[in-house]
Protein chains: 2
Amino acid sequence: MSQKPFVSAQEVAERAGVSRSAVSRTFTPGASVSPETRRKVVEAAEALGYHVNHLARGLMRNESGIVCLIVSEMGTPYRSTLIRALTQQLQNAGKIAMLVNTDRSDGSVGLALRQAIRYRADASIILSGMPDKSITQLCLKNGQRLVLINRDDDQEGPFRINLNDAVAAGRLVTAFLRAGCRRLAFANSEAGTPSLMAREHGFVAAAKAMGLEVVVERYGPTAYESGRVLAQRLLTLSERPDAVFCATDLIACGFMDAARHQFSVSVPDQLCVAGFDDIEQAAWSSYELTTFAQPVEAIAREAVRWLGRVDAQDPSARDHSIRLDADLVWRSSIRGG
Amino acid sequence: MSQKPFVSAQEVAERAGVSRSAVSRTFTPGASVSPETRRKVVEAAEALGYHVNHLARGLMRNESGIVCLIVSEMGTPYRSTLIRALTQQLQNAGKIAMLVNTDRSDGSVGLALRQAIRYRADASIILSGMPDKSITQLCLKNGQRLVLINRDDDQEGPFRINLNDAVAAGRLVTAFLRAGCRRLAFANSEAGTPSLMAREHGFVAAAKAMGLEVVVERYGPTAYESGRVLAQRLLTLSERPDAVFCATDLIACGFMDAARHQFSVSVPDQLCVAGFDDIEQAAWSSYELTTFAQPVEAIAREAVRWLGRVDAQDPSARDHSIRLDADLVWRSSIRGG
DNA sequence: TTGTAGGCGTTATCAC
DNA sequence: GTGATAACGCCTACAA
C-alpha cells in the first residue's frame, strides 16, 4: 500500500505547529516541556497514530532496551516458567525480551549471541548452554551485559546466578534417613551441567558422611523418558534402592510412573522419591512429588535488578555472582514429613 | 568503560582501506563486490569484531526483521511448545522473535501491539487474547502484518490460523459410543474463547444428532485445577457420566486425577476421558490420554510462510484464513480403540 | 566495481 | 521552554 506507513516525529511537529525537538521532548521522560506544548503534541500524535521509533532511539542513545534470552528446550516446564518470569520482569522494567532458540550443537550459543549483538541488545541472559570464552569477551567488549543462570562457571565478567544445589541435595539425605530409607540412589541425566553434577555430588557426599553408599545412574537428557529408563536400571538391581533422588522433576515423574505402572513398586511405601525444580506437574496428585523449588521469581528479579544497575561495569560492583536457596517442598512422595 | 563500544562500518572501511559502501555491500546479500574487496573487508571486520547494526539497517530498509509474539500464560505446556516452534521457524527464516507477556486485562494486548509498533516489528503473532478492532487497524495502517492463532474472529486484514475444532469434537462422539458410553459430559473452562466454544458446540451437536444429551459444565481458566473442580461437579451427579470430553489436556489431567484419587472412579473402565492439545503430559503413563494433537509445527510453518509472502498486502492473496486439522491420538483413556 | 552524497527518525547540544 | 543543527550507523542512488 503506502510506501511510508509509519508516521514520524516530523509530521507530528508540523501538525502540532511545533518543532521536532518539542515532539521528542514530549516523549522523553524527565524532559522539560510546557503543558501547553505537550498538549498540542500529544493531540497531534494521537490523531496521526504516532509511535516513537525505538530503532532510531536506540541508535542515538546507544541503548536499545532489548534483552536477549538464550534458551534451549524452551517447551520444558521449568524453562518456560523461567522465561515467563523474565519477560514479565523485563517488561515491568521498561525493557523488552528477544527470544533465541539454541540446540545442543556447539556453536549454537555463539550464533545466538552474535544475533544479540547485531540487534544491539543491552544484555543477554543465558539459560542453557555455555558460550565460548571468546564469544563472551566479544559481548562484553561490545558493551553488552551477560547473565548466566544456573551455568556455574568461573568466568569473570558475566553476572552469574546459581543455586545452592549441593547444600540442598545434602539436606535430602537426612529426610530419606528419617523416612527409614537405607539404600540410596541418584538418578541423573547425562547432560552433565554444573547444576546437575552439584546435586549429585552434594547428595553422594552427604550420604557418605552418614556412612551410606549411593548408587548413581546417568542416562539421556533431563526428560521424562530418561526417568523411565533410569527406573528400569535401578529397580532391577538385586539390592533394590528404597530411596531415589532424581536430578530434575521431569526425571522424577518418569521414574515414578515406571516404578508404579511397570514394576508395581509403591511410592512412598516401598520407595521414596524426590526431585528438583518444583514444576507444576510435581504438585499434581498423580505425583505429589517432594522436590526443591527453583526460586524462579527471585532469579528473574535479581537478573533484571543487575541489568538496571548503572554501575554494573564498575569494578567496585564486583559481586558478579549470587547464590540463591532452593527450598524443599514437602509432599507425599517421601514417607513421614 | 569505553564510550563507543560498538565498532561501525566506518572503522572497518578505514582498516580495510576501502569505502563505507564497500563494507555495506559486503554484508548485503546479492550486492556486487569483487572477491578481493570482500576478502579485505571480511578480514578487517573479523579482526575488529564488527557486526551489522540491525537497528540502523531496519531504519533504512523500513524492515526490522523483528516479529512480535504476544502471549499470555506462556508457562503452560501447549503455549510454550508453540512458542518454541515459532521462534525456531522464525530463526530459520532469518527473523527474530520478540516476546511480550499479556495478562487477562482488557488493554493488555493493545499495549503489547503498541510495543511492537515502537520497535517497528514487521509482524505480530497473537497467541492469546483479542485485540481491539481499532488497534488492529492501527497495526495494519502501520504496515505491520498480523497473525491470529486460534483466535477465531472475522476481522478482515489479519491472517487467521484456526483448527477444525468442531469437526474434531464431533468425531469423538462416535468414539465414545463405540466404547459403550451413553452418558456424555463436556468439561470446559469459563474462558469462552472461540476455540473452546467450538469444541463444546461441535461435541454437543454431534451427540444430539445421535440422540444423546450432553451435560456441560464450565469453570475457571484452562488449567489443571479447573479439571479437579469440574470432576467434583460432574462426578457427584446422580446420573454420573461415563464419558467426558475435556476442552484441554490440562483440564483432562486434573479431571482424571480427581476421578481416580478422590472419587475412586476407574479410567477407562468406569469413565472414558478425552482431551485436546496433546501436551507432553498426555503421553505420560499416569494419564495415557486420548486427545487431539495441535499441529504445532504446521501452525508455525504456515504463520512464517505467510509472513514471507511478498504479496501479503495484495488483495488477490486474500486467503486470509486457514484451517488445519487436529488429529486424534489414541491412548488408553478410552476403552477399545 | 567502486566511491560520494544524502537521508532514514531519533536524541543531544547549544544557542535563544 | 523552545528551535535549529549535528550526530548515530546504515543503505541506496548516482556518478566515476
# chains A, B, ... in the order shown; residues from 1 in each chain; ligands from 1
call {"tool": "interface_residues", "arguments": {"of": "chain C", "to": "chain A", "cutoff": "9 Å", "atoms": "only C-alpha atoms (C1' of nucleotides)", "output": "list in words"}}
result
DC8, DG9, DT10, DT11 and DA12 of chain C
call {"tool": "residues_around", "arguments": {"residues": "DC14 (chain C)", "least_positions_apart": "3", "cutoff": "12 Å", "atoms": "only C-alpha atoms (C1' of nucleotides)", "output": "ChimeraX atom specification"}}
result
/D:2-6
call {"tool": "interface_residues", "arguments": {"of": "chain A", "to": "chain B", "cutoff": "7 Å", "atoms": "only C-alpha atoms", "output": "JSON, numbers by chain"}}
result
{"A": [5, 6, 51, 52, 53, 54, 55, 56, 59, 74, 75, 77, 80, 81, 84, 87, 88, 97, 98, 99, 100, 101, 117, 118, 119, 120, 141, 142, 143, 257, 285, 286]}
call {"tool": "write_last_selection", "arguments": {"atoms": "N, CA, C and O atoms", "output": "CSV table (one decimal), in the first residue's frame"}}
result
chain,number,residue,atom,x,y,z
A,5,PRO,N,4.6,3.8,5.7
A,5,PRO,CA,3.5,3.6,6.6
A,5,PRO,C,3.6,4.2,7.9
A,5,PRO,O,2.6,4.6,8.5
A,6,PHE,N,4.8,4.3,8.4
A,6,PHE,CA,5.0,4.9,9.8
A,6,PHE,C,5.0,6.4,9.8
A,6,PHE,O,5.6,7.0,8.9
A,51,HIS,N,4.1,6.7,17.0
A,51,HIS,CA,4.7,6.0,18.0
A,51,HIS,C,6.2,6.2,17.8
A,51,HIS,O,6.8,6.1,16.7
A,52,VAL,N,6.9,6.5,19.0
A,52,VAL,CA,8.3,6.7,18.9
A,52,VAL,C,9.0,5.5,18.3
A,52,VAL,O,8.6,4.3,18.6
A,53,ASN,N,9.9,5.7,17.4
A,53,ASN,CA,10.7,4.7,16.7
A,53,ASN,C,11.8,4.3,17.6
A,53,ASN,O,12.9,4.9,17.7
A,54,HIS,N,11.7,3.1,18.3
A,54,HIS,CA,12.7,2.6,19.2
A,54,HIS,C,14.0,2.2,18.5
A,54,HIS,O,15.1,2.2,19.1
A,55,LEU,N,13.9,1.9,17.2
A,55,LEU,CA,15.1,1.6,16.4
A,55,LEU,C,16.0,2.8,16.3
A,55,LEU,O,17.2,2.8,16.6
A,56,ALA,N,15.4,3.9,16.0
A,56,ALA,CA,16.1,5.2,15.8
A,56,ALA,C,16.6,5.7,17.2
A,56,ALA,O,17.7,6.2,17.4
A,59,LEU,N,19.5,3.8,18.3
A,59,LEU,CA,20.7,4.2,17.5
A,59,LEU,C,21.3,5.4,18.2
A,59,LEU,O,22.5,5.5,18.4
A,74,MET,N,12.9,-24.8,25.2
A,74,MET,CA,12.0,-23.9,25.9
A,74,MET,C,10.6,-24.4,26.1
A,74,MET,O,9.8,-23.7,26.8
A,75,GLY,N,10.3,-25.5,25.6
A,75,GLY,CA,9.0,-26.1,25.8
A,75,GLY,C,8.9,-26.8,27.1
A,75,GLY,O,7.8,-27.2,27.5
A,77,PRO,N,8.8,-27.5,31.1
A,77,PRO,CA,8.0,-26.8,32.2
A,77,PRO,C,8.9,-25.8,32.9
A,77,PRO,O,8.5,-24.6,33.1
A,80,SER,N,10.1,-22.8,30.6
A,80,SER,CA,9.1,-21.9,30.1
A,80,SER,C,8.6,-21.0,31.3
A,80,SER,O,8.2,-19.9,31.1
A,81,THR,N,8.6,-21.6,32.5
A,81,THR,CA,8.2,-20.8,33.7
A,81,THR,C,9.3,-19.7,33.9
A,81,THR,O,8.9,-18.5,34.2
A,84,ARG,N,8.8,-17.0,31.4
A,84,ARG,CA,7.7,-16.1,31.7
A,84,ARG,C,8.0,-15.1,32.7
A,84,ARG,O,7.8,-13.9,32.6
A,87,THR,N,10.5,-12.4,31.1
A,87,THR,CA,9.9,-11.4,30.2
A,87,THR,C,9.0,-10.5,31.0
A,87,THR,O,8.9,-9.3,30.7
A,88,GLN,N,8.3,-11.0,32.0
A,88,GLN,CA,7.4,-10.2,32.8
A,88,GLN,C,8.2,-9.1,33.5
A,88,GLN,O,7.8,-7.9,33.5
A,97,ALA,N,12.0,-8.3,25.7
A,97,ALA,CA,12.7,-9.6,25.6
A,97,ALA,C,12.8,-10.1,24.1
A,97,ALA,O,11.8,-10.1,23.5
A,98,MET,N,14.0,-10.5,23.7
A,98,MET,CA,14.1,-11.2,22.4
A,98,MET,C,14.4,-12.6,22.8
A,98,MET,O,15.1,-12.9,23.8
A,99,LEU,N,13.8,-13.5,22.0
A,99,LEU,CA,14.0,-14.9,22.3
A,99,LEU,C,14.8,-15.7,21.3
A,99,LEU,O,14.4,-15.6,20.1
A,100,VAL,N,15.8,-16.3,21.7
A,100,VAL,CA,16.6,-17.1,20.7
A,100,VAL,C,16.7,-18.5,21.2
A,100,VAL,O,17.1,-18.8,22.3
A,101,ASN,N,16.3,-19.4,20.3
A,101,ASN,CA,16.4,-20.8,20.5
A,101,ASN,C,17.8,-21.4,20.2
A,101,ASN,O,18.3,-21.1,19.2
A,117,ILE,N,24.1,-9.2,19.4
A,117,ILE,CA,25.0,-8.1,19.2
A,117,ILE,C,24.4,-7.3,18.0
A,117,ILE,O,24.4,-6.0,18.0
A,118,ARG,N,24.0,-8.0,17.0
A,118,ARG,CA,23.5,-7.3,15.8
A,118,ARG,C,22.3,-6.4,16.1
A,118,ARG,O,22.2,-5.3,15.6
A,119,TYR,N,21.5,-6.8,17.0
A,119,TYR,CA,20.3,-6.0,17.4
A,119,TYR,C,20.7,-5.1,18.5
A,119,TYR,O,19.8,-4.4,19.1
A,120,ARG,N,21.9,-5.0,18.9
A,120,ARG,CA,22.4,-4.1,19.9
A,120,ARG,C,21.7,-4.3,21.2
A,120,ARG,O,21.3,-3.3,21.9
A,141,LYS,N,33.0,-6.8,25.3
A,141,LYS,CA,33.8,-5.7,24.6
A,141,LYS,C,32.8,-4.8,23.9
A,141,LYS,O,33.0,-3.6,23.7
A,142,ASN,N,31.7,-5.4,23.4
A,142,ASN,CA,30.7,-4.7,22.7
A,142,ASN,C,29.7,-4.0,23.7
A,142,ASN,O,28.6,-3.5,23.3
A,143,GLY,N,30.1,-3.9,25.0
A,143,GLY,CA,29.2,-3.2,25.9
A,143,GLY,C,28.0,-4.0,26.3
A,143,GLY,O,27.1,-3.4,26.9
A,257,ASP,N,6.4,-43.0,37.5
A,257,ASP,CA,5.5,-43.7,36.6
A,257,ASP,C,5.9,-45.1,36.3
A,257,ASP,O,5.2,-46.1,36.4
A,285,SER,N,-1.8,-34.6,41.6
A,285,SER,CA,-2.0,-35.7,42.6
A,285,SER,C,-1.5,-37.0,42.2
A,285,SER,O,-1.5,-38.0,43.0
A,286,SER,N,-1.2,-37.2,40.9
A,286,SER,CA,-0.6,-38.5,40.5
A,286,SER,C,0.9,-38.6,41.0
A,286,SER,O,1.4,-39.7,41.0
call {"tool": "atom_distance", "arguments": {"atom1": "CA of Thr291 (chain B)", "atom2": "CA of Gln270 (chain B)"}}
result
18.2 Å
call {"tool": "atom_distance", "arguments": {"atom1": "CA of Gly17 (chain A)", "atom2": "CA of Ala31 (chain A)"}}
result
19.0 Å
call {"tool": "closest_atom_pairs", "arguments": {"of": "chain D", "to": "chain B", "cutoff": "12 Å", "atoms": "only C-alpha atoms (C1' of nucleotides)", "output": "JSON lines"}}
result
{"residue": "D:DC8", "atom": "C1'", "partner": "B:Ala56", "partner_atom": "CA", "distance": 8.5}
{"residue": "D:DG9", "atom": "C1'", "partner": "B:Ala56", "partner_atom": "CA", "distance": 5.5}
{"residue": "D:DC10", "atom": "C1'", "partner": "B:Ala56", "partner_atom": "CA", "distance": 5.2}
{"residue": "D:DC11", "atom": "C1'", "partner": "B:Met60", "partner_atom": "CA", "distance": 6.0}
{"residue": "D:DT12", "atom": "C1'", "partner": "B:Met60", "partner_atom": "CA", "distance": 9.3}
{"residue": "D:DA13", "atom": "C1'", "partner": "B:Ser21", "partner_atom": "CA", "distance": 11.9}
call {"tool": "select_by_dssp", "arguments": {"residues": "region 70-256 of chain A", "states": "strand (DSSP E or B)", "output": "PyMOL selection string"}}
result
chain A and resi 70-71+96-101+123-126+145-149+159-163+184-188+214-218+243-246
call {"tool": "residues_around", "arguments": {"residues": "Arg104 (chain A)", "least_positions_apart": "4", "cutoff": "12 Å", "atoms": "only C-alpha atoms (C1' of nucleotides)", "output": "mmCIF file with all heavy atoms, in the first residue's frame"}}
result
data_model
loop_
_atom_site.group_PDB
_atom_site.id
_atom_site.type_symbol
_atom_site.label_atom_id
_atom_site.label_comp_id
_atom_site.auth_asym_id
_atom_site.auth_seq_id
_atom_site.Cartn_x
_atom_site.Cartn_y
_atom_site.Cartn_z
ATOM 1 N N VAL A 71 17.941 -19.644 25.077
ATOM 2 C CA VAL A 71 17.386 -20.823 25.723
ATOM 3 C C VAL A 71 17.349 -22.021 24.802
ATOM 4 O O VAL A 71 17.144 -21.882 23.608
ATOM 5 C CB VAL A 71 15.910 -20.572 26.135
ATOM 6 C CG1 VAL A 71 15.508 -21.509 27.243
ATOM 7 C CG2 VAL A 71 15.680 -19.137 26.519
ATOM 8 N N SER A 72 17.536 -23.194 25.371
ATOM 9 C CA SER A 72 17.230 -24.407 24.616
ATOM 10 C C SER A 72 16.107 -25.140 25.334
ATOM 11 O O SER A 72 15.847 -24.893 26.507
ATOM 12 C CB SER A 72 18.464 -25.296 24.507
ATOM 13 O OG SER A 72 18.743 -25.873 25.754
ATOM 14 N N GLU A 73 15.457 -26.011 24.645
ATOM 15 C CA GLU A 73 14.345 -26.767 25.226
ATOM 16 C C GLU A 73 13.357 -25.853 25.945
ATOM 17 O O GLU A 73 13.001 -26.092 27.101
ATOM 18 C CB GLU A 73 14.876 -27.806 26.208
ATOM 19 C CG GLU A 73 15.704 -28.880 25.540
ATOM 20 C CD GLU A 73 16.622 -29.588 26.530
ATOM 21 O OE1 GLU A 73 16.415 -29.403 27.732
ATOM 22 O OE2 GLU A 73 17.519 -30.304 26.079
ATOM 23 N N SER A 108 26.029 -23.079 18.747
ATOM 24 C CA SER A 108 24.669 -22.568 18.855
ATOM 25 C C SER A 108 24.547 -21.301 19.702
ATOM 26 O O SER A 108 23.949 -20.313 19.283
ATOM 27 C CB SER A 108 23.809 -23.678 19.439
ATOM 28 O OG SER A 108 22.485 -23.345 19.376
ATOM 29 N N VAL A 109 25.135 -21.330 20.875
ATOM 30 C CA VAL A 109 25.036 -20.166 21.763
ATOM 31 C C VAL A 109 25.808 -18.985 21.179
ATOM 32 O O VAL A 109 25.362 -17.835 21.251
ATOM 33 C CB VAL A 109 25.562 -20.511 23.168
ATOM 34 C CG1 VAL A 109 25.563 -19.285 24.053
ATOM 35 C CG2 VAL A 109 24.727 -21.609 23.789
ATOM 36 N N GLY A 110 26.921 -19.269 20.568
ATOM 37 C CA GLY A 110 27.706 -18.218 19.935
ATOM 38 C C GLY A 110 26.913 -17.504 18.855
ATOM 39 O O GLY A 110 26.874 -16.277 18.794
ATOM 40 N N SER A 128 20.632 -21.660 28.933
ATOM 41 C CA SER A 128 21.077 -23.002 28.555
ATOM 42 C C SER A 128 22.385 -22.913 27.802
ATOM 43 O O SER A 128 22.627 -21.951 27.091
ATOM 44 C CB SER A 128 20.065 -23.694 27.645
ATOM 45 O OG SER A 128 18.756 -23.332 27.952
ATOM 46 N N GLY A 129 23.171 -23.935 27.954
ATOM 47 C CA GLY A 129 24.408 -23.998 27.192
ATOM 48 C C GLY A 129 25.433 -23.011 27.703
ATOM 49 O O GLY A 129 25.142 -22.126 28.495
ATOM 50 N N MET A 130 26.650 -23.190 27.257
ATOM 51 C CA MET A 130 27.716 -22.287 27.672
ATOM 52 C C MET A 130 28.363 -21.676 26.462
ATOM 53 O O MET A 130 28.649 -22.347 25.487
ATOM 54 C CB MET A 130 28.768 -23.062 28.464
ATOM 55 C CG MET A 130 28.401 -23.267 29.907
ATOM 56 S SD MET A 130 28.192 -21.692 30.769
ATOM 57 C CE MET A 130 29.798 -20.962 30.487
ATOM 58 N N PRO A 131 28.581 -20.367 26.520
ATOM 59 C CA PRO A 131 29.261 -19.705 25.408
ATOM 60 C C PRO A 131 30.768 -19.929 25.498
ATOM 61 O O PRO A 131 31.321 -20.094 26.585
ATOM 62 C CB PRO A 131 28.929 -18.235 25.633
ATOM 63 C CG PRO A 131 28.695 -18.113 27.098
ATOM 64 C CD PRO A 131 28.213 -19.444 27.583
ATOM 65 N N ALA A 191 23.516 -35.079 30.802
ATOM 66 C CA ALA A 191 23.830 -33.726 30.352
ATOM 67 C C ALA A 191 25.084 -33.189 31.015
ATOM 68 O O ALA A 191 25.883 -32.488 30.392
ATOM 69 C CB ALA A 191 22.649 -32.795 30.628
ATOM 70 N N PRO A 221 18.932 -37.086 28.241
ATOM 71 C CA PRO A 221 18.694 -35.690 28.587
ATOM 72 C C PRO A 221 17.838 -35.603 29.862
ATOM 73 O O PRO A 221 17.404 -36.621 30.383
ATOM 74 C CB PRO A 221 17.915 -35.162 27.394
ATOM 75 C CG PRO A 221 17.193 -36.353 26.870
ATOM 76 C CD PRO A 221 18.081 -37.540 27.135
#
call {"tool": "decode", "arguments": {"residues": "region 164-207 of chain A", "atoms": "C-alpha atoms", "output": "PDB file, in the first residue's frame"}}
result
ATOM      1  CA  ASN A 164      22.987 -23.857  46.422  1.00  0.00           C
ATOM      2  CA  ASP A 165      22.477 -27.184  44.697  1.00  0.00           C
ATOM      3  CA  ALA A 166      24.919 -29.189  46.754  1.00  0.00           C
ATOM      4  CA  VAL A 167      23.627 -27.872  50.074  1.00  0.00           C
ATOM      5  CA  ALA A 168      20.040 -28.628  49.103  1.00  0.00           C
ATOM      6  CA  ALA A 169      20.917 -32.108  47.906  1.00  0.00           C
ATOM      7  CA  GLY A 170      22.716 -32.795  51.148  1.00  0.00           C
ATOM      8  CA  ARG A 171      19.689 -31.928  53.228  1.00  0.00           C
ATOM      9  CA  LEU A 172      17.727 -34.584  51.421  1.00  0.00           C
ATOM     10  CA  VAL A 173      19.830 -37.387  52.841  1.00  0.00           C
ATOM     11  CA  THR A 174      18.545 -36.580  56.318  1.00  0.00           C
ATOM     12  CA  ALA A 175      14.997 -36.646  55.048  1.00  0.00           C
ATOM     13  CA  PHE A 176      15.467 -40.051  53.477  1.00  0.00           C
ATOM     14  CA  LEU A 177      17.065 -41.410  56.634  1.00  0.00           C
ATOM     15  CA  ARG A 178      14.200 -40.138  58.762  1.00  0.00           C
ATOM     16  CA  ALA A 179      11.839 -41.982  56.445  1.00  0.00           C
ATOM     17  CA  GLY A 180      13.745 -45.158  57.244  1.00  0.00           C
ATOM     18  CA  CYS A 181      15.495 -45.471  53.912  1.00  0.00           C
ATOM     19  CA  ARG A 182      18.944 -47.039  53.755  1.00  0.00           C
ATOM     20  CA  ARG A 183      19.590 -47.927  50.132  1.00  0.00           C
ATOM     21  CA  LEU A 184      20.011 -44.585  48.400  1.00  0.00           C
ATOM     22  CA  ALA A 185      20.172 -43.924  44.683  1.00  0.00           C
ATOM     23  CA  PHE A 186      20.687 -40.892  42.484  1.00  0.00           C
ATOM     24  CA  ALA A 187      19.098 -40.714  39.047  1.00  0.00           C
ATOM     25  CA  ASN A 188      20.836 -38.202  36.828  1.00  0.00           C
ATOM     26  CA  SER A 189      20.857 -37.279  33.188  1.00  0.00           C
ATOM     27  CA  GLU A 190      23.965 -37.431  31.071  1.00  0.00           C
ATOM     28  CA  ALA A 191      23.830 -33.726  30.352  1.00  0.00           C
ATOM     29  CA  GLY A 192      26.472 -33.146  32.971  1.00  0.00           C
ATOM     30  CA  THR A 193      25.757 -29.462  33.564  1.00  0.00           C
ATOM     31  CA  PRO A 194      27.338 -27.990  36.689  1.00  0.00           C
ATOM     32  CA  SER A 195      23.964 -27.717  38.468  1.00  0.00           C
ATOM     33  CA  LEU A 196      23.130 -31.355  37.890  1.00  0.00           C
ATOM     34  CA  MET A 197      26.566 -32.517  38.935  1.00  0.00           C
ATOM     35  CA  ALA A 198      26.477 -30.348  42.055  1.00  0.00           C
ATOM     36  CA  ARG A 199      23.238 -32.026  43.085  1.00  0.00           C
ATOM     37  CA  GLU A 200      24.751 -35.429  42.520  1.00  0.00           C
ATOM     38  CA  HIS A 201      27.970 -34.696  44.359  1.00  0.00           C
ATOM     39  CA  GLY A 202      26.215 -32.941  47.219  1.00  0.00           C
ATOM     40  CA  PHE A 203      23.936 -35.923  47.697  1.00  0.00           C
ATOM     41  CA  VAL A 204      26.681 -38.516  47.492  1.00  0.00           C
ATOM     42  CA  ALA A 205      28.959 -36.584  49.844  1.00  0.00           C
ATOM     43  CA  ALA A 206      26.278 -36.069  52.467  1.00  0.00           C
ATOM     44  CA  ALA A 207      25.381 -39.747  52.302  1.00  0.00           C
TER      45      ALA A 207
END
